[in-house]
file target-v1.pdb (PDB, C-alpha atoms)
ATOM      1  CA  MET A  30      18.634 -16.687  26.369
ATOM      2  CA  GLU A  31      21.526 -15.262  24.410
ATOM      3  CA  THR A  32      24.155 -12.762  25.379
ATOM      4  CA  SER A  33      27.513 -11.811  23.944
ATOM      5  CA  LYS A  34      29.884  -8.898  23.501
ATOM      6  CA  PHE A  35      27.959  -7.909  20.377
ATOM      7  CA  PHE A  36      24.324  -8.416  21.418
ATOM      8  CA  PRO A  37      22.195  -7.628  24.470
ATOM      9  CA  ILE A  38      20.355 -10.358  26.322
ATOM     10  CA  VAL A  39      17.438 -11.783  24.340
ATOM     11  CA  GLU A  40      14.868 -13.958  26.049
ATOM     12  CA  THR A  41      12.847 -16.393  23.957
ATOM     13  CA  GLN A  42      11.381 -19.827  24.557
ATOM     14  CA  ASP A  43      11.583 -20.768  20.886
ATOM     15  CA  GLU A  44      14.387 -23.275  20.421
ATOM     16  CA  GLY A  45      14.767 -22.393  16.760
ATOM     17  CA  TYR A  46      15.360 -18.733  17.554
ATOM     18  CA  GLN A  47      17.708 -19.672  20.382
ATOM     19  CA  LYS A  48      19.753 -21.720  17.940
ATOM     20  CA  THR A  49      19.968 -18.808  15.481
ATOM     21  CA  PHE A  50      20.999 -16.398  18.245
ATOM     22  CA  LYS A  51      23.669 -18.841  19.393
ATOM     23  CA  ASN A  52      24.984 -19.427  15.878
ATOM     24  CA  CYS A  53      25.194 -15.696  15.233
ATOM     25  CA  ALA A  54      26.887 -14.950  18.552
ATOM     26  CA  GLU A  55      29.511 -17.571  17.732
ATOM     27  CA  LEU A  56      29.948 -16.456  14.111
ATOM     28  CA  VAL A  57      30.373 -12.686  14.459
ATOM     29  CA  PRO A  58      33.653 -12.729  16.449
ATOM     30  CA  THR A  59      35.252 -14.883  13.726
ATOM     31  CA  LEU A  60      34.450 -12.496  10.850
ATOM     32  CA  PRO A  61      36.844  -9.933   9.325
ATOM     33  CA  ARG A  62      36.166  -6.569  10.928
ATOM     34  CA  SER A  63      36.771  -2.883  10.381
ATOM     35  CA  LYS A  64      36.023   0.353  12.193
ATOM     36  CA  GLY A  65      32.556   1.670  11.497
ATOM     37  CA  TRP A  66      31.297   5.110  10.553
ATOM     38  CA  TRP A  67      30.169   6.098  14.051
ATOM     39  CA  LEU A  68      31.063   3.927  17.040
ATOM     40  CA  ASP A  69      30.046   0.590  15.575
ATOM     41  CA  GLU A  70      32.280  -2.080  14.108
ATOM     42  CA  LEU A  71      31.579  -3.501  10.683
ATOM     43  CA  PHE A  72      31.986  -7.197   9.909
ATOM     44  CA  GLN A  73      32.392  -8.795   6.493
ATOM     45  CA  TYR A  74      29.545 -11.267   6.146
ATOM     46  CA  GLN A  75      29.026 -13.184   2.882
ATOM     47  CA  GLY A  76      30.868 -10.478   0.949
ATOM     48  CA  PHE A  77      29.200  -7.447   2.549
ATOM     49  CA  TRP A  78      30.168  -5.157   5.418
ATOM     50  CA  MET A  79      27.489  -5.025   8.084
ATOM     51  CA  SER A  80      27.191  -4.306  11.774
ATOM     52  CA  SER A  81      26.312  -7.176  14.092
ATOM     53  CA  PHE A  82      22.569  -6.540  14.301
ATOM     54  CA  PRO A  83      21.863  -6.701  10.537
ATOM     55  CA  ILE A  84      23.902  -9.901  10.395
ATOM     56  CA  ARG A  85      21.655 -11.396  13.031
ATOM     57  CA  GLY A  86      18.631 -10.029  11.193
ATOM     58  CA  SER A  87      19.766 -11.669   7.970
ATOM     59  CA  MET A  88      20.250 -14.993   9.749
ATOM     60  CA  LEU A  89      16.811 -14.727  11.350
ATOM     61  CA  ILE A  90      15.235 -14.037   7.952
ATOM     62  CA  ASN A  91      16.924 -17.063   6.442
ATOM     63  CA  ASP A  92      16.025 -19.347   9.347
ATOM     64  CA  HIS A  93      12.539 -18.180  10.292
ATOM     65  CA  PHE A  94      10.892 -15.566   8.089
ATOM     66  CA  LYS A  95       7.748 -16.754   6.310
ATOM     67  CA  PRO A  96       7.038 -14.541   3.295
ATOM     68  CA  ARG A  97       3.494 -13.865   2.181
ATOM     69  CA  PRO A  98       2.560 -13.755  -1.513
ATOM     70  CA  THR A  99       1.470 -10.137  -1.102
ATOM     71  CA  ASP A 100       4.673  -8.929   0.605
ATOM     72  CA  ILE A 101       6.314  -5.848  -0.904
ATOM     73  CA  ILE A 102       9.961  -5.287   0.024
ATOM     74  CA  VAL A 103      11.311  -1.757  -0.349
ATOM     75  CA  ALA A 104      15.076  -2.199  -0.688
ATOM     76  CA  THR A 105      17.896   0.316  -0.874
ATOM     77  CA  SER A 106      21.517   0.795  -0.073
ATOM     78  CA  PRO A 107      21.603   3.284   2.834
ATOM     79  CA  LYS A 108      21.007   6.947   1.962
ATOM     80  CA  CYS A 109      19.469   6.238  -1.428
ATOM     81  CA  GLY A 110      15.908   7.326  -0.673
ATOM     82  CA  THR A 111      14.514   4.636   1.634
ATOM     83  CA  THR A 112      12.119   6.928   3.491
ATOM     84  CA  TRP A 113      10.800   8.520   0.307
ATOM     85  CA  LEU A 114      10.355   5.176  -1.476
ATOM     86  CA  ARG A 115       8.462   3.693   1.455
ATOM     87  CA  ALA A 116       6.136   6.711   1.474
ATOM     88  CA  LEU A 117       5.601   6.402  -2.274
ATOM     89  CA  VAL A 118       4.797   2.684  -2.285
ATOM     90  CA  PHE A 119       2.474   3.102   0.712
ATOM     91  CA  SER A 120       0.620   5.898  -1.070
ATOM     92  CA  ILE A 121       0.240   3.875  -4.265
ATOM     93  CA  ILE A 122      -1.062   0.649  -2.731
ATOM     94  CA  ASN A 123      -3.367   2.450  -0.269
ATOM     95  CA  ARG A 124      -4.527   5.300  -2.490
ATOM     96  CA  ALA A 125      -8.182   4.315  -2.361
ATOM     97  CA  ALA A 126      -8.245   4.142   1.436
ATOM     98  CA  PHE A 127      -7.259   7.703   2.336
ATOM     99  CA  ASP A 128      -8.061  11.278   1.501
ATOM    100  CA  PHE A 129      -4.925  13.112   0.420
ATOM    101  CA  ASN A 130      -5.794  16.012   2.730
ATOM    102  CA  ASP A 131      -6.001  13.695   5.742
ATOM    103  CA  HIS A 132      -3.359  11.159   4.781
ATOM    104  CA  PRO A 133      -1.387   9.095   7.360
ATOM    105  CA  LEU A 134       1.840  10.489   5.877
ATOM    106  CA  ARG A 135       0.827  13.905   7.197
ATOM    107  CA  LYS A 136       0.870  12.529  10.741
ATOM    108  CA  LEU A 137       3.411   9.701  10.748
ATOM    109  CA  ASN A 138       6.971   9.328   9.545
ATOM    110  CA  PRO A 139       7.067   6.812   6.645
ATOM    111  CA  GLN A 140       9.138   4.475   8.831
ATOM    112  CA  GLU A 141       6.192   4.182  11.251
ATOM    113  CA  LEU A 142       3.517   3.141   8.758
ATOM    114  CA  LEU A 143       2.018  -0.340   9.141
ATOM    115  CA  PRO A 144       0.129  -1.027   5.929
ATOM    116  CA  SER A 145      -1.625  -4.059   4.558
ATOM    117  CA  PRO A 146      -0.344  -5.754   2.454
ATOM    118  CA  ARG A 147       2.914  -5.891   4.358
ATOM    119  CA  LEU A 148       5.390  -3.247   3.272
ATOM    120  CA  LEU A 149       8.864  -4.192   4.483
ATOM    121  CA  SER A 150      11.917  -1.942   4.299
ATOM    122  CA  THR A 151      15.454  -3.289   4.162
ATOM    123  CA  HIS A 152      19.056  -2.539   3.248
ATOM    124  CA  ILE A 153      19.949  -6.241   3.049
ATOM    125  CA  PRO A 154      21.733  -7.230  -0.196
ATOM    126  CA  TYR A 155      19.652  -9.346  -2.567
ATOM    127  CA  SER A 156      21.987 -12.332  -2.380
ATOM    128  CA  LEU A 157      21.430 -12.624   1.376
ATOM    129  CA  PHE A 158      17.707 -13.327   1.091
ATOM    130  CA  PRO A 159      16.574 -16.974   1.187
ATOM    131  CA  LYS A 160      15.593 -18.667  -2.055
ATOM    132  CA  ARG A 161      12.003 -18.916  -0.824
ATOM    133  CA  MET A 162      11.833 -15.147  -1.268
ATOM    134  CA  THR A 163      13.854 -14.694  -4.450
ATOM    135  CA  ASP A 164      13.081 -17.668  -6.695
ATOM    136  CA  ASP A 165      10.209 -17.792  -9.174
ATOM    137  CA  THR A 166       7.970 -19.766  -6.809
ATOM    138  CA  SER A 167       7.702 -16.755  -4.502
ATOM    139  CA  ALA A 168       5.154 -14.043  -5.274
ATOM    140  CA  CYS A 169       6.651 -11.347  -3.039
ATOM    141  CA  ARG A 170       8.113  -8.375  -4.918
ATOM    142  CA  PHE A 171      11.080  -6.043  -4.443
ATOM    143  CA  VAL A 172      11.162  -2.348  -5.302
ATOM    144  CA  TYR A 173      14.772  -1.124  -5.282
ATOM    145  CA  ILE A 174      16.207   2.357  -5.630
ATOM    146  CA  CYS A 175      19.812   3.520  -5.834
ATOM    147  CA  ARG A 176      21.557   6.785  -6.647
ATOM    148  CA  ASP A 177      24.885   8.197  -7.801
ATOM    149  CA  PRO A 178      27.484   6.860  -5.330
ATOM    150  CA  LYS A 179      29.014  10.327  -4.983
ATOM    151  CA  ASP A 180      25.737  11.634  -3.564
ATOM    152  CA  VAL A 181      25.391   8.495  -1.434
ATOM    153  CA  LEU A 182      28.809   9.117   0.099
ATOM    154  CA  VAL A 183      28.057  12.744   0.955
ATOM    155  CA  SER A 184      24.644  11.931   2.409
ATOM    156  CA  LYS A 185      25.998   9.020   4.423
ATOM    157  CA  TRP A 186      28.857  11.144   5.749
ATOM    158  CA  HIS A 187      26.450  13.810   6.996
ATOM    159  CA  PHE A 188      24.125  11.180   8.478
ATOM    160  CA  SER A 189      26.954   9.342  10.213
ATOM    161  CA  ASN A 190      28.173  12.456  11.946
ATOM    162  CA  LYS A 191      24.675  12.980  13.338
ATOM    163  CA  LEU A 192      24.949   9.546  14.959
ATOM    164  CA  ARG A 193      28.396  10.054  16.469
ATOM    165  CA  PRO A 194      28.321  11.105  20.149
ATOM    166  CA  LYS A 195      29.218  14.752  20.690
ATOM    167  CA  GLU A 196      32.300  13.806  22.674
ATOM    168  CA  VAL A 197      33.663  11.890  19.652
ATOM    169  CA  PRO A 198      35.397  13.893  16.890
ATOM    170  CA  PRO A 199      33.399  14.018  13.639
ATOM    171  CA  LEU A 200      34.287  11.653  10.839
ATOM    172  CA  SER A 201      36.253  13.568   8.225
ATOM    173  CA  LEU A 202      35.083  13.508   4.619
ATOM    174  CA  GLU A 203      38.493  12.165   3.595
ATOM    175  CA  GLU A 204      38.187   9.218   5.962
ATOM    176  CA  ALA A 205      34.614   8.536   4.876
ATOM    177  CA  PHE A 206      35.701   8.664   1.232
ATOM    178  CA  ASP A 207      38.498   6.168   1.858
ATOM    179  CA  LEU A 208      36.189   3.731   3.663
ATOM    180  CA  PHE A 209      33.485   4.022   1.005
ATOM    181  CA  CYS A 210      35.891   3.448  -1.893
ATOM    182  CA  LYS A 211      37.243   0.356  -0.145
ATOM    183  CA  GLY A 212      33.683  -0.951   0.130
ATOM    184  CA  VAL A 213      33.694  -0.615   3.912
ATOM    185  CA  SER A 214      30.323   0.999   4.483
ATOM    186  CA  HIS A 215      27.082  -0.358   5.872
ATOM    187  CA  TYR A 216      25.816  -3.104   3.529
ATOM    188  CA  GLY A 217      28.696  -2.286   1.176
ATOM    189  CA  PRO A 218      30.471  -2.453  -1.129
ATOM    190  CA  PHE A 219      27.884  -0.070  -2.549
ATOM    191  CA  TRP A 220      28.491  -1.217  -6.131
ATOM    192  CA  ASP A 221      28.013  -4.900  -5.259
ATOM    193  CA  HIS A 222      24.739  -4.022  -3.550
ATOM    194  CA  VAL A 223      23.526  -2.265  -6.706
ATOM    195  CA  LEU A 224      24.726  -5.078  -8.965
ATOM    196  CA  GLY A 225      22.819  -7.721  -6.994
ATOM    197  CA  TYR A 226      19.487  -5.989  -7.446
ATOM    198  CA  TRP A 227      20.212  -4.884 -11.007
ATOM    199  CA  LYS A 228      20.973  -8.427 -12.139
ATOM    200  CA  ALA A 229      17.879  -9.714 -10.343
ATOM    201  CA  SER A 230      15.734  -7.087 -12.091
ATOM    202  CA  VAL A 231      17.087  -8.185 -15.473
ATOM    203  CA  GLU A 232      16.618 -11.898 -14.748
ATOM    204  CA  SER A 233      13.262 -11.539 -12.950
ATOM    205  CA  PRO A 234      11.622  -8.261 -14.027
ATOM    206  CA  LYS A 235       8.281  -9.273 -12.514
ATOM    207  CA  LYS A 236       9.916  -9.774  -9.125
ATOM    208  CA  VAL A 237      12.388  -6.881  -8.881
ATOM    209  CA  LEU A 238      11.810  -3.304 -10.040
ATOM    210  CA  PHE A 239      15.010  -1.255 -10.299
ATOM    211  CA  LEU A 240      14.826   2.553 -10.020
ATOM    212  CA  THR A 241      17.352   5.328  -9.724
ATOM    213  CA  TYR A 242      16.869   8.436  -7.639
ATOM    214  CA  GLU A 243      17.981  10.540 -10.568
ATOM    215  CA  ASP A 244      15.232   9.135 -12.818
ATOM    216  CA  VAL A 245      12.631   9.681 -10.117
ATOM    217  CA  LYS A 246      13.631  13.320  -9.729
ATOM    218  CA  LYS A 247      13.658  13.814 -13.504
ATOM    219  CA  GLU A 248      10.434  11.951 -14.351
ATOM    220  CA  PRO A 249       8.398  11.590 -11.133
ATOM    221  CA  LEU A 250       5.048  10.976 -12.832
ATOM    222  CA  GLY A 251       6.447   8.260 -15.064
ATOM    223  CA  CYS A 252       8.191   6.552 -12.151
ATOM    224  CA  VAL A 253       5.023   6.542 -10.028
ATOM    225  CA  ARG A 254       3.096   4.938 -12.891
ATOM    226  CA  LYS A 255       5.893   2.381 -13.345
ATOM    227  CA  VAL A 256       5.774   1.383  -9.662
ATOM    228  CA  ALA A 257       1.987   1.061  -9.747
ATOM    229  CA  GLU A 258       2.143  -1.133 -12.872
ATOM    230  CA  PHE A 259       4.827  -3.319 -11.305
ATOM    231  CA  LEU A 260       2.761  -3.814  -8.152
ATOM    232  CA  GLY A 261      -0.290  -4.804 -10.171
ATOM    233  CA  VAL A 262      -2.312  -1.715  -9.267
ATOM    234  CA  PRO A 263      -2.097   0.533 -12.346
ATOM    235  CA  PHE A 264      -3.909   3.844 -12.358
ATOM    236  CA  SER A 265      -7.328   3.806 -13.979
ATOM    237  CA  GLN A 266      -8.391   6.405 -16.499
ATOM    238  CA  GLU A 267     -10.654   7.877 -13.847
ATOM    239  CA  GLU A 268      -7.685   8.240 -11.499
ATOM    240  CA  GLU A 269      -5.662   9.830 -14.269
ATOM    241  CA  ASN A 270      -8.489  12.289 -14.889
ATOM    242  CA  ARG A 271      -8.625  13.113 -11.166
ATOM    243  CA  LYS A 272      -4.862  13.790 -11.191
ATOM    244  CA  THR A 273      -4.236  11.040  -8.613
ATOM    245  CA  VAL A 274      -0.696  10.481  -9.881
ATOM    246  CA  GLU A 275       0.080  14.172  -9.471
ATOM    247  CA  GLU A 276      -1.410  14.120  -5.959
ATOM    248  CA  ILE A 277       0.850  11.229  -4.962
ATOM    249  CA  VAL A 278       3.924  12.933  -6.419
ATOM    250  CA  LYS A 279       3.054  16.114  -4.526
ATOM    251  CA  LEU A 280       2.360  14.306  -1.245
ATOM    252  CA  CYS A 281       5.567  12.240  -1.428
ATOM    253  CA  SER A 282       7.884  14.953  -2.682
ATOM    254  CA  PHE A 283      10.942  15.670  -0.584
ATOM    255  CA  GLU A 284       9.715  19.218  -0.025
ATOM    256  CA  SER A 285       6.323  18.047   1.235
ATOM    257  CA  LEU A 286       7.562  15.253   3.502
ATOM    258  CA  SER A 287      10.465  17.215   4.992
ATOM    259  CA  ASN A 288       8.249  20.179   5.892
ATOM    260  CA  LEU A 289       5.640  18.182   7.795
ATOM    261  CA  ASP A 290       5.707  18.710  11.563
ATOM    262  CA  VAL A 291       6.145  14.992  12.247
ATOM    263  CA  ASN A 292       9.291  14.889  10.087
ATOM    264  CA  GLN A 293      10.794  18.031  11.614
ATOM    265  CA  SER A 294      10.819  16.460  15.056
ATOM    266  CA  VAL A 295      14.276  16.233  16.650
ATOM    267  CA  ALA A 296      13.138  13.883  19.419
ATOM    268  CA  LYS A 297      15.022  10.592  19.613
ATOM    269  CA  ARG A 298      13.817   7.288  21.033
ATOM    270  CA  SER A 299      15.857   4.687  22.869
ATOM    271  CA  GLU A 300      15.183   2.051  20.206
ATOM    272  CA  ARG A 301      16.207   4.403  17.379
ATOM    273  CA  PRO A 302      19.098   6.821  17.980
ATOM    274  CA  VAL A 303      18.027   9.185  15.197
ATOM    275  CA  SER A 304      15.201  11.682  14.972
ATOM    276  CA  ASN A 305      12.653  11.934  12.154
ATOM    277  CA  SER A 306      14.348  15.089  10.913
ATOM    278  CA  ASP A 307      17.630  13.187  10.503
ATOM    279  CA  PHE A 308      16.124  11.247   7.589
ATOM    280  CA  PHE A 309      15.780  14.453   5.572
ATOM    281  CA  ARG A 310      18.687  16.644   4.473
ATOM    282  CA  LYS A 311      18.550  18.107   0.951
ATOM    283  CA  GLY A 312      17.174  15.445  -1.353
ATOM    284  CA  GLU A 313      19.083  16.980  -4.257
ATOM    285  CA  VAL A 314      20.779  15.340  -7.206
ATOM    286  CA  GLY A 315      24.426  16.355  -7.593
ATOM    287  CA  ASP A 316      25.064  17.897  -4.175
ATOM    288  CA  TRP A 317      28.422  16.097  -4.255
ATOM    289  CA  VAL A 318      29.826  19.006  -6.295
ATOM    290  CA  ASN A 319      29.753  21.077  -3.093
ATOM    291  CA  HIS A 320      31.886  18.597  -1.156
ATOM    292  CA  LEU A 321      34.164  16.401  -3.268
ATOM    293  CA  SER A 322      37.490  17.443  -4.748
ATOM    294  CA  PRO A 323      38.223  16.811  -8.452
ATOM    295  CA  GLU A 324      40.559  13.984  -7.401
ATOM    296  CA  MET A 325      37.811  12.351  -5.346
ATOM    297  CA  VAL A 326      35.347  12.635  -8.213
ATOM    298  CA  GLU A 327      37.800  11.100 -10.675
ATOM    299  CA  LYS A 328      38.553   8.154  -8.403
ATOM    300  CA  MET A 329      34.886   7.506  -7.621
ATOM    301  CA  ASN A 330      33.934   7.654 -11.293
ATOM    302  CA  GLN A 331      36.725   5.222 -12.161
ATOM    303  CA  ILE A 332      35.537   2.735  -9.549
ATOM    304  CA  THR A 333      31.944   3.044 -10.718
ATOM    305  CA  GLU A 334      32.873   2.586 -14.376
ATOM    306  CA  GLN A 335      34.983  -0.452 -13.557
ATOM    307  CA  LYS A 336      32.355  -2.069 -11.323
ATOM    308  CA  LEU A 337      29.415  -1.496 -13.666
ATOM    309  CA  GLN A 338      31.202  -2.071 -16.964
ATOM    310  CA  GLY A 339      29.207  -4.084 -19.480
ATOM    311  CA  ILE A 340      26.075  -4.633 -17.392
ATOM    312  CA  GLY A 341      23.781  -2.275 -19.310
ATOM    313  CA  PHE A 342      23.409   0.286 -16.551
ATOM    314  CA  ASN A 343      25.286   3.319 -15.283
ATOM    315  CA  PHE A 344      24.589   6.519 -13.356
ATOM    316  CA  HIS A 345      25.202   8.930 -16.244
TER     317      HIS A 345
END

call {"tool": "encode", "arguments": {"input": "target-v1.pdb", "output": "structure tokens"}}
result
Amino acid sequence: METSKFFPIVETQDEGYQKTFKNCAELVPTLPRSKGWWLDELFQYQGFWMSSFPIRGSMLINDHFKPRPTDIIVATSPKCGTTWLRALVFSIINRAAFDFNDHPLRKLNPQELLPSPRLLSTHIPYSLFPKRMTDDTSACRFVYICRDPKDVLVSKWHFSNKLRPKEVPPLSLEEAFDLFCKGVSHYGPFWDHVLGYWKASVESPKKVLFLTYEDVKKEPLGCVRKVAEFLGVPFSQEEENRKTVEEIVKLCSFESLSNLDVNQSVAKRSERPVSNSDFFRKGEVGDWVNHLSPEMVEKMNQITEQKLQGIGFNFH
């Protein structure tokens, strides 16, 4: 049994899990901390700012998680398209099992899907995964997506204010901007998160596929084919003739997913303090122009250019 200021009571008879819980409960209070974006605190753990629960999750993965060769990990920095990417990958790997007119995505939020092979979603930085998942001896694969940090900031700011209790003043855009630029955001610094997966995709292109939201919006058909190829399930000529790729793009489009009844629900559950509708806002590229001042844009672009200089990738 484990209890602390940062975690509720957890009952387990497994001594290994008890040890991990104890180690985490002892570690978290010693870490550098900062105010969070709603009512949480963020702690700097192995170079990244995270709340206490993801830190424990990362420790549990390292100590106990047993990857399967068929595991597919959908990874993103928060507010980069996690829900959409999960829906897309699910649709690709299970395309032969369902009719598009009676597809599970029409009834369930992408976060609630339980496919086989296992499709795991995470915001955890690449460097925090154990070697048994990231080295060449592991067959599990990562599909990563990121987007322009200016759009990430705006989306995260809107999302955070949905999570703040009504009696708490909203987080100002200026304060959110300052935190984000300092790297103090969930799983941030954002740029370090991107760099970890980018470098892994360059070093191990068969293990990590790196996508940008902007490319997906610009060339959706090409991106869907790229994901299918990466996962070892390319589209056959027959599927191409039947317009299967187009059907998947249509089914998983922001417009389609956000307008489904299940994703317009505002009901919240005790284990998840957000509603399905909270995962969908605009889904647009470049919405930052409606929120950020010229000074903010200049500073953000300077940080991005400095952080990504010389790596062979940028958001332009």

call {"tool": "atom_distance", "arguments": {"input": "target-v1.pdb", "atom1": "atom CA of A:Met329", "atom2": "atom CA of A:Ser201"}}
result
17.0 Å

call {"tool": "residues_around", "arguments": {"input": "target-v1.pdb", "residues": "A:Pro98", "least_positions_apart": "3", "cutoff": "12 Å", "atoms": "all atoms listed in the file", "output": "short mmCIF file (atom, residue, chain, number, x, y, z; two decimals) with C-alpha atoms, in the coordinates of the input"}}
result
data_model
loop_
_atom_site.label_atom_id
_atom_site.label_comp_id
_atom_site.auth_asym_id
_atom_site.auth_seq_id
_atom_site.Cartn_x
_atom_site.Cartn_y
_atom_site.Cartn_z
CA LYS A 95 7.75 -16.75 6.31
CA ILE A 101 6.31 -5.85 -0.90
CA ILE A 102 9.96 -5.29 0.02
CA PRO A 146 -0.34 -5.75 2.45
CA ARG A 147 2.91 -5.89 4.36
CA LEU A 148 5.39 -3.25 3.27
CA ARG A 161 12.00 -18.92 -0.82
CA MET A 162 11.83 -15.15 -1.27
CA THR A 163 13.85 -14.69 -4.45
CA ASP A 165 10.21 -17.79 -9.17
CA THR A 166 7.97 -19.77 -6.81
CA SER A 167 7.70 -16.76 -4.50
CA ALA A 168 5.15 -14.04 -5.27
CA CYS A 169 6.65 -11.35 -3.04
CA ARG A 170 8.11 -8.38 -4.92
CA PHE A 171 11.08 -6.04 -4.44
CA LYS A 236 9.92 -9.77 -9.12
CA LEU A 260 2.76 -3.81 -8.15
#

call {"tool": "atom_distance", "arguments": {"input": "target-v1.pdb", "atom1": "atom CA of A:Asp100", "atom2": "atom CA of A:Phe188"}}
result
29.1 Å

call {"tool": "atom_distance", "arguments": {"input": "target-v1.pdb", "atom1": "atom CA of A:Phe283", "atom2": "atom CA of A:Glu268"}}
result
22.8 Å

call {"tool": "residues_near_point", "arguments": {"input": "target-v1.pdb", "point": "(20.4, -15.8, -3.9)", "cutoff": "12 Å", "atoms": "all atoms listed in the file", "output": "count of residues only"}}
result
19

call {"tool": "residues_around", "arguments": {"input": "target-v1.pdb", "residues": "A:Leu250", "least_positions_apart": "2", "cutoff": "8 Å", "atoms": "only C-alpha atoms", "output": "list of chain:residue names"}}
result
A:Glu248, A:Cys252, A:Val253, A:Arg254, A:Val274, A:Glu275, A:Val278

call {"tool": "write_last_selection", "arguments": {"input": "target-v1.pdb", "atoms": "C-alpha atoms", "output": "PDB file, in the frame of the given file"}}
result
ATOM      1  CA  GLU A 248      10.434  11.951 -14.351  1.00  0.00           C
ATOM      2  CA  CYS A 252       8.191   6.552 -12.151  1.00  0.00           C
ATOM      3  CA  VAL A 253       5.023   6.542 -10.028  1.00  0.00           C
ATOM      4  CA  ARG A 254       3.096   4.938 -12.891  1.00  0.00           C
ATOM      5  CA  VAL A 274      -0.696  10.481  -9.881  1.00  0.00           C
ATOM      6  CA  GLU A 275       0.080  14.172  -9.471  1.00  0.00           C
ATOM      7  CA  VAL A 278       3.924  12.933  -6.419  1.00  0.00           C
TER       8      VAL A 278
END

call {"tool": "closest_residue", "arguments": {"input": "target-v1.pdb", "among": "A:His215, A:Arg271, A:Lys191, A:Lys235", "to": "A:Gly76", "atoms": "only C-alpha atoms"}}
result
A:His215

call {"tool": "resolve_selection", "arguments": {"input": "target-v1.pdb", "expression": "the PyMOL selection byres ((chain A and resi 61) around 12)", "output": "PDB file with C-alpha atoms, in the frame of the given file"}}
result
ATOM      1  CA  LEU A  56      29.948 -16.456  14.111  1.00  0.00           C
ATOM      2  CA  VAL A  57      30.373 -12.686  14.459  1.00  0.00           C
ATOM      3  CA  PRO A  58      33.653 -12.729  16.449  1.00  0.00           C
ATOM      4  CA  THR A  59      35.252 -14.883  13.726  1.00  0.00           C
ATOM      5  CA  LEU A  60      34.450 -12.496  10.850  1.00  0.00           C
ATOM      6  CA  ARG A  62      36.166  -6.569  10.928  1.00  0.00           C
ATOM      7  CA  SER A  63      36.771  -2.883  10.381  1.00  0.00           C
ATOM      8  CA  LYS A  64      36.023   0.353  12.193  1.00  0.00           C
ATOM      9  CA  GLU A  70      32.280  -2.080  14.108  1.00  0.00           C
ATOM     10  CA  LEU A  71      31.579  -3.501  10.683  1.00  0.00           C
ATOM     11  CA  PHE A  72      31.986  -7.197   9.909  1.00  0.00           C
ATOM     12  CA  GLN A  73      32.392  -8.795   6.493  1.00  0.00           C
ATOM     13  CA  TYR A  74      29.545 -11.267   6.146  1.00  0.00           C
ATOM     14  CA  GLN A  75      29.026 -13.184   2.882  1.00  0.00           C
ATOM     15  CA  GLY A  76      30.868 -10.478   0.949  1.00  0.00           C
ATOM     16  CA  PHE A  77      29.200  -7.447   2.549  1.00  0.00           C
ATOM     17  CA  TRP A  78      30.168  -5.157   5.418  1.00  0.00           C
ATOM     18  CA  MET A  79      27.489  -5.025   8.084  1.00  0.00           C
ATOM     19  CA  SER A  80      27.191  -4.306  11.774  1.00  0.00           C
ATOM     20  CA  SER A  81      26.312  -7.176  14.092  1.00  0.00           C
ATOM     21  CA  VAL A 213      33.694  -0.615   3.912  1.00  0.00           C
TER      22      VAL A 213
END

call {"tool": "residues_around", "arguments": {"input": "target-v1.pdb", "residues": "A:Trp220", "least_positions_apart": "5", "cutoff": "10 Å", "atoms": "only C-alpha atoms", "output": "list in words"}}
result
Ser106, Cys175, Pro178, Cys210, Gly212, Gly225, Ile332, Thr333, Gln335, Lys336 and Leu337 of chain A

call {"tool": "resolve_selection", "arguments": {"input": "target-v1.pdb", "expression": "the PyMOL selection byres ((chain A and resi 209) around 10)", "output": "list in words"}}
result
Trp66, Pro178, Lys179, Val181, Leu182, Lys185, Trp186, Glu203, Glu204, Ala205, Phe206, Asp207, Leu208, Cys210, Lys211, Gly212, Val213, Ser214, His215, Gly217, Pro218, Phe219 and Met329 of chain A

call {"tool": "resolve_selection", "arguments": {"input": "target-v1.pdb", "expression": "the PyMOL selection byres ((chain A and resi 151) around 8)", "output": "number ranges by chain"}}
result
A: 102-105, 149-150, 152-153
